[in-house]
Amino acid sequence: VEQEWRAIAMPRHKAPERTMKTRAGANGLPVPYVELPLVSCASDRLALEEVWVGPTADTEARAQKARALVQFLGYSPEIVRLSRMPIRG
């Protein structure tokens with residue numbers, strides 16, 4: 001089961017918390033990533049426009065969880081979109 005998030009972020013400034021890091025991939029090779037906080041403080045939120053839920057066996061349940069998370073973080077649950085791509089098998 002794939003459980004990953006993908007984000008496209010355009011940094012406004014170079015911040016130490018947004019430096020590239022690496023983790024070990026499934027094949028042992030390093031995988032680069034950047035940590036992106038969804039909320040850094042009450043007045044400084046990311047400009048989230050959409051959150052896409054990929055195809056899963058229970059897409060609607062995952063979408064409900066994503067809506068609850070974004071609403072908890074102060075975003076509209078209406079930004080959550082469902083992928084129409086079929087599950088690869």
# chains A, B, ... in the order shown; residues from 1 in each chain; ligands from 1

call {"tool": "residues_around", "arguments": {"residues": "segment 30-36 of chain A", "least_positions_apart": "3", "cutoff": "6 Å", "atoms": "only C-alpha atoms", "output": "NGL selection string"}}
result
:A and (18 or 20-25)

call {"tool": "write_last_selection", "arguments": {"atoms": "C-alpha atoms", "output": "PDB file, in the first residue's frame"}}
result
ATOM      1  CA  ARG A  18      13.560  23.808   4.248  1.00  0.00           C
ATOM      2  CA  MET A  20      17.090  19.146   1.385  1.00  0.00           C
ATOM      3  CA  LYS A  21      17.383  15.998   3.474  1.00  0.00           C
ATOM      4  CA  THR A  22      17.717  12.345   2.529  1.00  0.00           C
ATOM      5  CA  ARG A  23      16.292   9.072   3.761  1.00  0.00           C
ATOM      6  CA  ALA A  24      17.021   5.495   2.772  1.00  0.00           C
ATOM      7  CA  GLY A  25      14.753   4.223   0.015  1.00  0.00           C
TER       8      GLY A  25
END

call {"tool": "residues_around", "arguments": {"residues": "Val53 of chain A", "least_positions_apart": "4", "cutoff": "8 Å", "atoms": "only C-alpha atoms", "output": "MDAnalysis selection string"}}
result
chainID A and resid 59 62:63 66 80:83

call {"tool": "write_last_selection", "arguments": {"atoms": "N, CA, C and O atoms", "output": "CSV table (one decimal), in the first residue's frame"}}
result
chain,number,residue,atom,x,y,z
A,59,THR,N,-11.2,5.0,-1.4
A,59,THR,CA,-10.9,6.4,-1.7
A,59,THR,C,-11.7,7.4,-0.9
A,59,THR,O,-11.2,8.4,-0.3
A,62,ARG,N,-10.5,7.7,2.7
A,62,ARG,CA,-9.3,8.5,2.8
A,62,ARG,C,-9.6,10.0,2.5
A,62,ARG,O,-9.0,10.8,3.2
A,63,ALA,N,-10.5,10.3,1.6
A,63,ALA,CA,-10.9,11.7,1.4
A,63,ALA,C,-11.5,12.3,2.6
A,63,ALA,O,-11.2,13.5,2.9
A,66,ALA,N,-8.7,13.2,4.9
A,66,ALA,CA,-8.0,14.4,4.4
A,66,ALA,C,-8.8,15.6,4.6
A,66,ALA,O,-8.2,16.7,5.0
A,80,VAL,N,-10.1,19.4,-1.0
A,80,VAL,CA,-9.8,18.0,-1.2
A,80,VAL,C,-10.4,17.5,-2.5
A,80,VAL,O,-11.6,17.6,-2.7
A,81,ARG,N,-9.6,16.9,-3.4
A,81,ARG,CA,-10.1,16.4,-4.6
A,81,ARG,C,-9.8,14.9,-4.7
A,81,ARG,O,-8.8,14.4,-4.2
A,82,LEU,N,-10.6,14.2,-5.4
A,82,LEU,CA,-10.4,12.8,-5.6
A,82,LEU,C,-9.9,12.5,-7.0
A,82,LEU,O,-10.4,13.0,-8.0
A,83,SER,N,-8.9,11.7,-7.1
A,83,SER,CA,-8.3,11.3,-8.4
A,83,SER,C,-9.3,10.3,-9.1
A,83,SER,O,-9.9,9.5,-8.4

call {"tool": "closest_residue", "arguments": {"among": "A:Pro86, A:Phe72, A:Thr19, A:Glu78", "to": "Glu50 of chain A", "atoms": "only C-alpha atoms"}}
result
A:Glu78
